[in-house]
Every structure is written in structure tokens, then in C-alpha cells.
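Asks: I'm passing along start13.cif; it holds mmCIF, C-alpha atoms.
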```cif
data_query
#
loop_
_atom_site.label_atom_id
_atom_site.label_comp_id
_atom_site.auth_asym_id
_atom_site.auth_seq_id
_atom_site.Cartn_x
_atom_site.Cartn_y
_atom_site.Cartn_z
CA MET A 88 -3.35 19.08 26.49
CA LEU A 89 -3.74 15.35 26.96
CA THR A 90 -0.62 13.42 25.99
CA SER A 91 0.51 9.89 25.20
CA ASP A 92 3.87 8.29 25.84
CA PHE A 93 5.35 6.71 22.73
CA HIS A 94 8.86 5.32 23.03
CA GLY A 95 9.73 8.08 25.47
CA LEU A 96 8.14 10.85 23.39
CA SER A 97 5.31 12.91 24.83
CA LEU A 98 2.80 13.17 21.98
CA SER A 99 -0.30 15.32 22.14
CA ARG A 100 -3.37 13.07 21.95
CA LEU A 101 -4.76 15.50 19.37
CA GLY A 102 -2.90 15.63 16.06
CA PHE A 103 -3.36 18.16 13.27
CA GLY A 104 -4.29 16.33 10.07
CA THR A 105 -3.64 18.44 6.97
CA MET A 106 -5.90 16.83 4.37
CA ARG A 107 -8.67 19.42 4.81
CA LEU A 108 -6.82 22.70 5.28
CA PRO A 109 -8.71 26.01 4.91
CA GLN A 110 -8.89 27.28 1.34
CA THR A 111 -9.27 30.60 -0.43
CA ALA A 112 -12.01 31.33 -2.95
CA ASP A 113 -9.83 30.04 -5.81
CA GLY A 114 -9.34 26.65 -4.12
CA LYS A 115 -5.77 27.20 -2.95
CA ILE A 116 -4.68 26.61 0.63
CA ASP A 117 -5.18 29.71 2.76
CA GLU A 118 -1.65 29.99 4.14
CA ASP A 119 -2.43 32.82 6.56
CA ALA A 120 -5.20 30.74 8.13
CA VAL A 121 -2.92 27.68 8.33
CA PHE A 122 -0.17 29.71 9.98
CA GLU A 123 -2.67 30.96 12.58
CA MET A 124 -3.89 27.41 13.25
CA VAL A 125 -0.37 26.02 13.58
CA ASP A 126 0.65 28.80 15.94
CA TYR A 127 -2.45 28.22 18.07
CA ALA A 128 -1.89 24.46 18.08
CA LEU A 129 1.72 24.71 19.22
CA SER A 130 0.94 27.30 21.88
CA HIS A 131 -1.73 24.99 23.32
CA GLY A 132 0.28 21.77 23.38
CA VAL A 133 -0.52 20.18 20.00
CA ASN A 134 2.81 18.88 18.71
CA TYR A 135 1.93 16.29 16.02
CA PHE A 136 1.35 17.31 12.40
CA ASP A 137 0.36 14.83 9.70
CA THR A 138 0.62 15.37 5.95
CA ALA A 139 0.88 13.20 2.82
CA TYR A 140 2.03 13.35 -0.77
CA PRO A 141 -1.43 13.65 -2.40
CA TYR A 142 -3.11 16.02 0.07
CA HIS A 143 -4.34 19.20 -1.60
CA ASP A 144 -2.87 18.04 -4.92
CA GLY A 145 0.61 17.91 -3.44
CA THR A 146 0.60 21.36 -1.78
CA SER A 147 -0.20 20.31 1.80
CA GLU A 148 3.40 19.23 2.41
CA VAL A 149 4.69 22.60 1.21
CA VAL A 150 2.31 24.76 3.23
CA ILE A 151 2.57 22.83 6.49
CA GLY A 152 6.34 22.83 6.02
CA ARG A 153 6.36 26.62 5.71
CA ALA A 154 4.10 27.02 8.72
CA LEU A 155 6.27 24.79 10.91
CA LYS A 156 9.54 26.27 9.62
CA ARG A 157 8.78 29.37 11.69
CA HIS A 158 9.13 27.32 14.89
CA ASP A 159 11.91 25.44 16.64
CA ARG A 160 12.24 21.94 15.13
CA ASN A 161 12.27 20.42 18.59
CA ARG A 162 8.75 21.69 19.31
CA PHE A 163 6.89 19.50 16.85
CA TYR A 164 6.72 16.05 15.30
CA LEU A 165 6.09 15.83 11.55
CA ALA A 166 4.58 12.79 9.83
CA ASP A 167 4.52 12.11 6.08
CA LYS A 168 3.62 9.10 3.94
CA PHE A 169 4.89 7.11 0.96
CA PRO A 170 2.08 6.93 -1.66
CA GLY A 171 2.36 3.29 -2.68
CA HIS A 172 -1.44 3.14 -2.84
CA GLN A 173 -1.51 5.40 -5.89
CA ILE A 174 -1.60 3.90 -9.38
CA SER A 175 1.84 4.37 -10.91
CA SER A 176 4.20 2.64 -13.28
CA ASP A 177 7.13 3.38 -10.97
CA HIS A 178 7.14 3.06 -7.19
CA THR A 179 10.87 3.69 -6.68
CA PRO A 180 10.94 5.32 -3.21
CA ALA A 181 14.23 7.25 -3.13
CA PRO A 182 13.46 10.22 -5.44
CA LEU A 183 10.02 10.73 -3.94
CA PHE A 184 11.26 10.56 -0.35
CA GLU A 185 13.96 13.15 -1.09
CA ARG A 186 11.35 15.38 -2.71
CA GLN A 187 9.08 15.11 0.31
CA LEU A 188 11.86 16.19 2.65
CA GLN A 189 12.54 19.15 0.38
CA LYS A 190 8.88 20.16 0.15
CA CYS A 191 8.47 20.02 3.93
CA GLY A 192 11.74 21.87 4.52
CA VAL A 193 13.13 19.28 6.92
CA ASP A 194 16.04 16.85 6.89
CA TYR A 195 14.18 14.04 8.67
CA PHE A 196 10.64 12.89 9.40
CA ASP A 197 9.69 12.07 12.96
CA PHE A 198 7.06 9.65 11.69
CA TYR A 199 6.74 8.10 8.25
CA LEU A 200 4.03 5.77 7.00
CA LEU A 201 3.35 3.40 4.17
CA HIS A 202 0.22 5.16 2.95
CA ASN A 203 -3.00 3.17 2.81
CA VAL A 204 -2.10 -0.48 2.82
CA CYS A 205 -5.24 -1.97 1.27
CA GLU A 206 -6.37 -4.84 -0.92
CA ASN A 207 -4.73 -3.33 -4.01
CA SER A 208 -1.70 -1.51 -2.62
CA ILE A 209 -0.38 -4.47 -0.65
CA LYS A 210 0.76 -5.86 -4.00
CA THR A 211 2.96 -2.78 -4.46
CA TYR A 212 4.33 -2.73 -0.93
CA THR A 213 5.27 -6.40 -1.09
CA ASP A 214 6.68 -6.30 -4.65
CA ARG A 215 10.42 -6.92 -4.38
CA ARG A 216 11.08 -4.88 -7.52
CA TRP A 217 10.58 -1.62 -5.66
CA LYS A 218 12.34 -2.51 -2.38
CA ILE A 219 10.14 0.03 -0.63
CA LEU A 220 10.46 -1.33 2.89
CA ASP A 221 14.19 -1.97 2.43
CA TYR A 222 14.72 1.66 1.49
CA LEU A 223 12.60 3.04 4.33
CA LEU A 224 14.33 0.85 6.89
CA GLU A 225 17.65 2.13 5.57
CA GLN A 226 16.46 5.72 6.02
CA LYS A 227 15.41 4.83 9.54
CA SER A 228 18.86 3.46 10.30
CA LEU A 229 20.28 6.79 9.04
CA GLY A 230 17.97 8.80 11.32
CA ARG A 231 16.02 10.33 8.45
CA ILE A 232 12.94 8.45 9.64
CA ARG A 233 12.61 8.27 13.38
CA HIS A 234 9.51 6.02 13.58
CA LEU A 235 8.03 3.87 10.82
CA GLY A 236 4.41 2.77 10.56
CA PHE A 237 1.55 2.45 8.11
CA SER A 238 -2.01 3.53 7.50
CA SER A 239 -4.74 1.22 6.29
CA HIS A 240 -8.22 1.43 4.83
CA GLY A 241 -8.18 -2.30 4.09
CA ARG A 242 -10.40 -4.93 5.62
CA PRO A 243 -9.27 -6.92 8.69
CA ASP A 244 -7.97 -9.88 6.69
CA ASN A 245 -5.86 -7.53 4.59
CA LEU A 246 -4.50 -5.90 7.74
CA ARG A 247 -3.55 -9.26 9.22
CA CYS A 248 -1.89 -10.34 5.97
CA PHE A 249 0.33 -7.24 5.97
CA LEU A 250 1.23 -7.65 9.64
CA GLU A 251 2.19 -11.27 9.12
CA LEU A 252 4.68 -10.09 6.51
CA TYR A 253 5.98 -6.82 7.95
CA GLY A 254 4.50 -6.42 11.42
CA LYS A 255 7.87 -6.70 13.14
CA HIS A 256 9.01 -3.50 11.38
CA MET A 257 5.87 -1.44 12.10
CA GLU A 258 5.75 0.76 15.20
CA PHE A 259 2.21 2.15 14.80
CA CYS A 260 -0.83 1.85 12.56
CA GLN A 261 -3.29 4.52 11.46
CA ILE A 262 -6.86 3.33 10.87
CA GLN A 263 -10.30 4.85 10.36
CA LEU A 264 -11.89 4.64 13.78
CA ASN A 265 -15.03 6.21 15.22
CA TYR A 266 -18.16 4.95 16.95
CA LEU A 267 -19.93 4.43 13.61
CA ASP A 268 -17.09 2.54 11.87
CA TRP A 269 -16.60 0.37 14.96
CA THR A 270 -19.07 -1.93 13.21
CA LEU A 271 -19.63 -0.40 9.75
CA GLN A 272 -15.98 -0.86 8.72
CA ASP A 273 -15.23 -3.52 11.35
CA ALA A 274 -12.79 -1.25 13.17
CA LYS A 275 -13.38 -3.34 16.29
CA LYS A 276 -11.73 -6.33 14.62
CA LYS A 277 -8.87 -4.18 13.34
CA CYS A 278 -8.20 -2.89 16.85
CA GLU A 279 -8.15 -6.45 18.16
CA ILE A 280 -5.62 -7.49 15.51
CA LEU A 281 -3.37 -4.51 16.28
CA GLN A 282 -3.60 -5.25 19.99
CA GLU A 283 -2.56 -8.83 19.24
CA TYR A 284 0.56 -7.53 17.47
CA GLU A 285 1.13 -4.94 20.23
CA ILE A 286 0.94 -2.09 17.74
CA PRO A 287 -0.54 1.20 19.00
CA VAL A 288 -3.39 2.85 17.11
CA TRP A 289 -3.34 6.21 15.37
CA VAL A 290 -6.89 7.37 14.53
CA MET A 291 -8.00 9.02 11.30
CA GLU A 292 -11.55 10.18 10.53
CA PRO A 293 -12.60 10.44 14.20
CA VAL A 294 -15.75 12.33 13.15
CA ARG A 295 -16.13 10.61 9.75
CA GLY A 296 -15.14 13.64 7.69
CA GLY A 297 -17.47 15.79 9.78
CA ARG A 298 -20.51 13.55 9.27
CA LEU A 299 -20.72 12.68 12.98
CA VAL A 300 -20.86 16.38 13.78
CA ARG A 301 -23.29 17.35 11.01
CA LEU A 302 -26.30 15.38 12.28
CA ASN A 303 -29.64 15.76 10.56
CA GLU A 304 -32.76 16.79 12.47
CA THR A 305 -33.78 13.25 13.40
CA GLU A 306 -30.25 12.28 14.42
CA SER A 307 -29.83 15.48 16.45
CA ALA A 308 -33.00 14.80 18.39
CA ARG A 309 -31.90 11.22 19.09
CA PHE A 310 -28.40 12.41 20.09
CA ALA A 311 -29.81 15.02 22.49
CA LYS A 312 -31.90 12.32 24.16
CA LEU A 313 -29.16 9.70 24.34
CA CYS A 314 -26.14 11.91 25.06
CA PRO A 315 -27.26 14.94 27.07
CA GLY A 316 -24.48 17.26 28.17
CA HIS A 317 -22.28 16.56 25.15
CA THR A 318 -21.82 18.19 21.79
CA PRO A 319 -21.50 15.72 18.89
CA ALA A 320 -17.79 16.54 18.61
CA GLU A 321 -17.21 16.03 22.34
CA ALA A 322 -18.92 12.65 22.25
CA ALA A 323 -17.00 11.45 19.19
CA PHE A 324 -13.60 12.45 20.57
CA SER A 325 -14.30 11.36 24.15
CA TYR A 326 -15.28 7.93 22.82
CA LEU A 327 -11.75 7.57 21.38
CA ILE A 328 -9.88 9.22 24.25
CA GLY A 329 -10.97 6.41 26.54
CA MET A 330 -9.50 3.65 24.35
CA GLU A 331 -6.36 2.22 25.93
CA ASN A 332 -4.40 1.42 22.74
CA VAL A 333 -5.25 4.71 20.99
CA LYS A 334 -2.21 6.97 21.21
CA MET A 335 -2.96 9.59 18.55
CA ILE A 336 -6.24 11.07 17.29
CA LEU A 337 -5.89 13.05 14.08
CA SER A 338 -8.39 15.71 13.19
CA GLY A 339 -8.47 17.27 9.73
CA MET A 340 -9.31 20.75 10.94
CA SER A 341 -10.35 23.40 8.41
CA SER A 342 -10.68 26.52 10.56
CA ILE A 343 -9.29 28.19 13.65
CA ASP A 344 -12.67 27.69 15.35
CA GLN A 345 -12.42 23.93 14.88
CA MET A 346 -8.88 24.03 16.24
CA ARG A 347 -9.96 25.97 19.33
CA ASP A 348 -12.89 23.65 20.02
CA ASN A 349 -10.80 20.50 19.60
CA VAL A 350 -8.04 21.84 21.83
CA ARG A 351 -10.69 22.56 24.47
CA ILE A 352 -12.01 18.99 24.26
CA PHE A 353 -8.51 17.50 24.54
CA SER A 354 -7.55 19.67 27.50
CA GLU A 355 -9.34 17.38 29.97
CA TYR A 356 -9.51 13.61 30.34
CA ARG A 357 -13.19 12.77 30.25
CA PRO A 358 -13.77 9.36 28.65
CA LEU A 359 -17.33 8.21 28.12
CA THR A 360 -19.04 5.91 30.58
CA GLU A 361 -20.15 2.45 29.45
CA THR A 362 -23.72 3.72 29.27
CA GLU A 363 -22.73 6.71 27.15
CA THR A 364 -20.74 4.48 24.81
CA ALA A 365 -23.71 2.13 24.46
CA HIS A 366 -25.87 5.11 23.58
CA LEU A 367 -23.44 6.13 20.82
CA TYR A 368 -23.56 2.63 19.37
CA GLU A 369 -27.37 2.82 19.46
CA LEU A 370 -27.22 6.12 17.61
CA ALA A 371 -24.80 4.64 15.08
CA GLU A 372 -27.11 1.74 14.29
CA ALA A 373 -29.99 4.13 13.66
CA MET A 374 -27.79 6.31 11.44
CA LYS A 375 -26.55 3.39 9.35
CA GLY A 376 -29.88 1.79 8.53
CA ALA A 377 -27.78 -1.19 7.47
CA LEU A 378 -28.84 -4.53 6.08
CA PRO A 379 -28.54 -6.93 9.05
CA CYS A 380 -25.99 -9.33 7.59
CA THR A 381 -24.24 -11.42 10.25
CA ALA A 382 -21.67 -12.92 7.83
CA CYS A 383 -22.87 -16.45 8.55
CA ARG A 384 -21.91 -17.26 4.94
CA TYR A 385 -24.80 -19.66 4.33
CA CYS A 386 -25.52 -17.68 1.16
CA THR A 387 -22.05 -18.21 -0.27
CA GLU A 388 -22.43 -21.98 -0.09
CA THR A 389 -25.22 -21.91 -2.66
CA CYS A 390 -24.17 -18.96 -4.86
CA PRO A 391 -23.40 -20.29 -8.36
CA GLN A 392 -21.28 -17.19 -9.06
CA LYS A 393 -19.21 -17.78 -5.91
CA LEU A 394 -19.67 -14.17 -4.83
CA ASN A 395 -18.40 -13.04 -1.44
CA ILE A 396 -21.88 -11.87 -0.49
CA PRO A 397 -21.14 -10.85 3.15
CA MET A 398 -18.25 -8.66 2.01
CA LEU A 399 -20.37 -7.10 -0.73
CA ILE A 400 -23.22 -6.39 1.68
CA SER A 401 -20.76 -4.84 4.12
CA ALA A 402 -19.41 -2.61 1.36
CA TYR A 403 -22.97 -1.78 0.26
CA ASN A 404 -23.91 -0.73 3.80
CA ASP A 405 -20.84 1.50 3.90
CA ALA A 406 -21.60 3.05 0.51
CA ARG A 407 -25.26 3.62 1.39
CA PHE A 408 -24.30 5.60 4.45
CA ALA A 409 -21.91 7.87 2.53
CA ALA A 410 -20.22 7.42 -0.83
CA ASN A 411 -16.52 7.04 -0.05
CA PHE A 412 -13.28 5.98 -1.70
CA THR A 413 -12.76 3.10 0.75
CA VAL A 414 -15.53 1.14 -0.93
CA SER A 415 -14.10 1.99 -4.36
CA MET A 416 -10.74 0.54 -3.36
CA GLN A 417 -12.29 -2.64 -1.99
CA LEU A 418 -14.23 -3.19 -5.22
CA ASP A 419 -11.23 -2.34 -7.38
CA ALA A 420 -9.45 -5.33 -5.86
CA LEU A 421 -12.17 -7.64 -7.23
CA PRO A 422 -12.29 -9.04 -10.76
CA GLU A 423 -15.38 -8.22 -12.84
CA GLU A 424 -16.91 -11.63 -12.20
CA LYS A 425 -16.89 -11.02 -8.43
CA LEU A 426 -18.60 -7.61 -8.45
CA PRO A 427 -22.28 -7.34 -7.45
CA SER A 428 -23.19 -6.93 -11.13
CA ALA A 429 -22.24 -10.61 -11.55
CA CYS A 430 -25.28 -11.66 -9.50
CA ILE A 431 -27.71 -13.53 -11.79
CA GLY A 432 -30.66 -13.15 -9.42
CA CYS A 433 -31.25 -16.90 -9.09
CA GLY A 434 -32.54 -16.48 -5.54
CA LEU A 435 -30.81 -19.52 -4.07
CA CYS A 436 -29.27 -17.28 -1.41
CA LEU A 437 -32.72 -16.14 -0.27
CA LYS A 438 -33.55 -19.63 0.94
CA GLN A 439 -30.41 -19.72 3.07
CA CYS A 440 -30.36 -16.25 4.68
CA PRO A 441 -31.48 -16.39 8.36
CA GLN A 442 -31.96 -12.61 8.31
CA LYS A 443 -34.31 -12.80 5.29
CA ILE A 444 -32.27 -10.19 3.38
CA ASP A 445 -33.32 -9.78 -0.26
CA ILE A 446 -29.78 -10.36 -1.48
CA PRO A 447 -30.46 -10.18 -5.25
CA ALA A 448 -32.22 -6.84 -4.76
CA ALA A 449 -29.28 -5.60 -2.68
CA MET A 450 -26.81 -6.65 -5.38
CA ARG A 451 -28.86 -4.80 -8.05
CA ALA A 452 -29.07 -1.69 -5.92
CA PHE A 453 -25.36 -1.83 -5.15
CA SER A 454 -24.54 -2.19 -8.86
CA GLU A 455 -26.54 0.97 -9.56
CA LEU A 456 -24.75 2.82 -6.75
CA ILE A 457 -21.20 1.87 -7.69
CA PRO A 458 -20.82 4.30 -10.65
CA LYS A 459 -21.50 7.16 -8.21
CA LEU A 460 -18.63 6.20 -5.90
CA PRO A 461 -15.55 8.47 -5.74
CA ASN A 462 -12.78 7.41 -8.15
CA TRP A 463 -14.89 4.69 -9.78
CA ALA A 464 -14.76 6.33 -13.23
CA ALA A 465 -10.97 6.43 -13.01
CA ILE A 466 -10.90 2.80 -11.87
CA CYS A 467 -13.00 1.73 -14.86
CA LYS A 468 -10.75 3.67 -17.23
CA ALA A 469 -7.64 2.04 -15.76
CA ARG A 470 -9.25 -1.39 -16.13
CA GLU A 471 -10.03 -0.69 -19.78
CA GLU A 472 -6.47 0.44 -20.47
CA ALA A 473 -5.08 -2.66 -18.77
CA GLN A 474 -7.36 -4.87 -20.83
CA LYS A 475 -6.10 -3.30 -24.06
CA LYS A 476 -2.56 -4.29 -23.17
CA ILE A 477 -3.46 -7.97 -22.85
CA PRO A 478 -2.45 -9.72 -26.11
#
```
Take the structure from the file and write it as C-alpha cells.
Replies:
Amino acid sequence: MLTSDFHGLSLSRLGFGTMRLPQTADGKIDEDAVFEMVDYALSHGVNYFDTAYPYHDGTSEVVIGRALKRHDRNRFYLADKFPGHQISSDHTPAPLFERQLQKCGVDYFDFYLLHNVCENSIKTYTDRRWKILDYLLEQKSLGRIRHLGFSSHGRPDNLRCFLELYGKHMEFCQIQLNYLDWTLQDAKKKCEILQEYEIPVWVMEPVRGGRLVRLNETESARFAKLCPGHTPAEAAFSYLIGMENVKMILSGMSSIDQMRDNVRIFSEYRPLTETETAHLYELAEAMKGALPCTACRYCTETCPQKLNIPMLISAYNDARFAANFTVSMQLDALPEEKLPSACIGCGLCLKQCPQKIDIPAAMRAFSELIPKLPNWAAICKAREEAQKKIP
């Protein structure tokens, strides 16, 4: 098993993410299957296990805790997260942290993260009412948190804003990183920012929720031509293994077969060549079919609605590829008058765009797509409730 050195700890490069655990026919976590996967992981050198408060409606912590309880505590590292990204009227950390320890059956967490620092949640994490960071730093001083970090689905400017405030306290950062999101979600820029702050990278969604493994017929033919000798999973993981600042690659495995295959891939150091990496980027561009916005911002200078058109096009490209909650969160941070539906179709932006993108048409199409995004109905309901409370 490939390993990384982190403050003297030998971490397996492959981590077991527990957001997509195997399930029984009734939708509950299949504990027998999880136990088998955990046993196999530990016996083959995987020693990092990642869970979170909301995974599997709160049951992931319990099941992974039971599975690990059967093994010596010194054989594994357990990571959990504080859910400050979730809408709540109370973000007091102490009761929830104690409950998480109890659910996992441990008296300390090896790694603990502020969960999903994004455009909305940063307001919670920086709100002095809750004293979230103060409490977590206190737990770290008591040895109940050994290493403190954060995860982020936010855009690069949001990431930099958080690091400017709290970067000195963060030991690692977990971001969505794969060869598609290198450009689609600007992961390249996020990696550069983290390198600037000397913060190592933990990877989530290395195969984009399985999408980079489940290629369609056209994509499969292109992949076979561009990346002969690799399976899609091998290519996706090998792309990340070769990145210098990437210390941990989490995979949300759902079966023992996935566990076995991933362990096989991580048993040998075989990073991609520059040519192979270039071929993956070529494949990614074909898969995205994205509008070719270069963020020159000429369009924003003439927009009477003052819309952040490059950001909206970026989010639209992301949503077109696959409906995902990241886009929902980005849009939730915008007021109504800054959503794509605020576009009046004046066409002034068309005269400015060097790429000749039909921006008004894109804004209309995006507006029609937004209601289909995950969590958007709940976001709209929350906005309506908030509006009712305004006198």
C-alpha cells in the first residue's frame, strides 16, 4: 500500500470514504458488507477512515464505529466532521461533538474537519456567537482531536478568504479533485492556493461519484484510444497519485469488489506520464462540452443587472455535466437579483464576448435547469420562510 508521511504518521494514500456504503434492499447500511470491507482494508494497509455527521442520514458514524471497534485502536485513523454547512438555528459545537464521539465509539478523533466551508457556511464558521473554532482548538489541546482541518466545495475566492482568517490553524484541506474538475470546478486554482499556504491536500470525489468510471460508449472509445493499457479507475487514481501535495485520496467504496480493485491500484506507484495526463485533459474537455468562457469579464462591464456572468457560466457548465449540490450551494449564496433568472436578455453582453457565447440563451437555459438541481426545492422553501420573518 502506498503511504504518505503526515507529521510523522504513515497514512495510506487510499482512504475509505463512508458516504456511499453498501446498502440492503430496505435502504439501510449493510453492516456485514461494511465489516468485510473494513477487515479487507486494514489487512491490506488501508488505515484511514472518513465519516461525517450527515452521511447515510446519521448512521455512517455508527456503523463504521462498530466495524472499527473490532480492531486495535492503534491500527487505524478515524476522521469525522462538524456540520456547520447544514442549515440550523443552533451551531453550538460541544453537544454535537460529544455525540459524534459516542456514535463512533471512540474517545478521540485522529482527524476532524470543519465540514464544507463554502460561500454560505463560512458565515457560520466565522460567526463569533458559536465559537466553533475556539471549541475545536480546545479539544485539540486536550488530545480529543489530533489533527484539525477542513473540507471545501467553495470557489477559489471563498477558499482564500477562509485561509486568510483561519489558515494558521488548519493542517489539511479536503477538496473535490479529479482530472475533470481540474478545470470544471477550478481545482487547479484551489491546489495553487493550498500550496501557497503550505497546506496538504486530501482528495474527495476522485472519480466524480463514479462518473469517470461509468463512461458512455463514445467516451469509452475515446478513452481506449487516448489511454491504452489503463482502466478508467486506474487512470483517475494514477492521475492523483502523482500529485506532490496530495497526501490522501478518499474513495467512497460501495462494495468489496471496489475495495479490492482500489487496493490493487494503490499497491504500486505508477503516476501518469505528461502525455497520459494531457490525454485525460483532452478526454475531460470532450466530456464537458462546456461553454468556452475565459472569464475575461468584458460582459460584466456592460451588464445592467450587474450579474457575475463568468461565475454563472462556470456553474452552468458544472450543472450541465451532472446535476450536483455544489452548484446549488453556490447559487444559494446569491440574492434573487443575482441569479441567472435576473437576466433581462438585453444582449449587450453579446457584443462584448470574444468567444461569441450566446449569454442570454445560456442564462435562460440555466434558469430552467436550476429547479432540477439537488436541494434546490429545500433552498427555495428556506428562502420563503426567511422572507416571511422579515417585518
Asks: Identify which of the residues A:Leu435, A:Leu155, A:Met88, A:Ile209 lies closest to Leu101 of chain A, counting only C-alpha atoms when measuring atom-to-atom distances.
Replies: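 Between A:Leu435, A:Leu155, A:Met88, A:Ile209, the residue approaching Leu101 of chain A most closely is A:Met88.
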Asks: Would you work out the distance separating atom CA of Thr360 of chain A from atom CA of Val294 of chain A, expressed in Å to one decimal?
Replies: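 Interatomic distance, atom CA of Thr360 of chain A to atom CA of Val294 of chain A: 18.9 Å.
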Asks: Using only C-alpha atoms, which residue out of A:Leu271, A:Leu418, A:Glu292, A:Lys393 lies closest to Asp405 of chain A?
Replies: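 Of A:Leu271, A:Leu418, A:Glu292, A:Lys393, the one nearest Asp405 of chain A, counting only C-alpha atoms, is A:Leu271.
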Asks: What do you get, as a VMD selection string, if you spell out every residue that the PyMOL selection byres ((chain A and resi 192-200) around 6) selects here?
Replies: chain A and resid 152 164 to 168 188 to 191 201 to 202 231 to 237
Asks: Of the candidates A:Ala323, A:Cys440, A:Val150, A:Leu370, which shows the shortest atom-to-atom distance to Phe353 of chain A, using only C-alpha atoms?
Replies: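 Under the stated criterion, the closest residue is A:Ala323.
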Asks: Which is closest to His366 of chain A among A:Phe93, A:Tyr266, A:Thr179, A:Leu250, if we use only C-alpha atoms?
Replies: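 Closest residue, counting only C-alpha atoms: A:Tyr266.
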Asks: Interatomic distance between atom CA of Ala420 of chain A and atom CA of Glu206 of chain A?
Replies: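 That distance, rounded to one decimal, is 5.8 Å.
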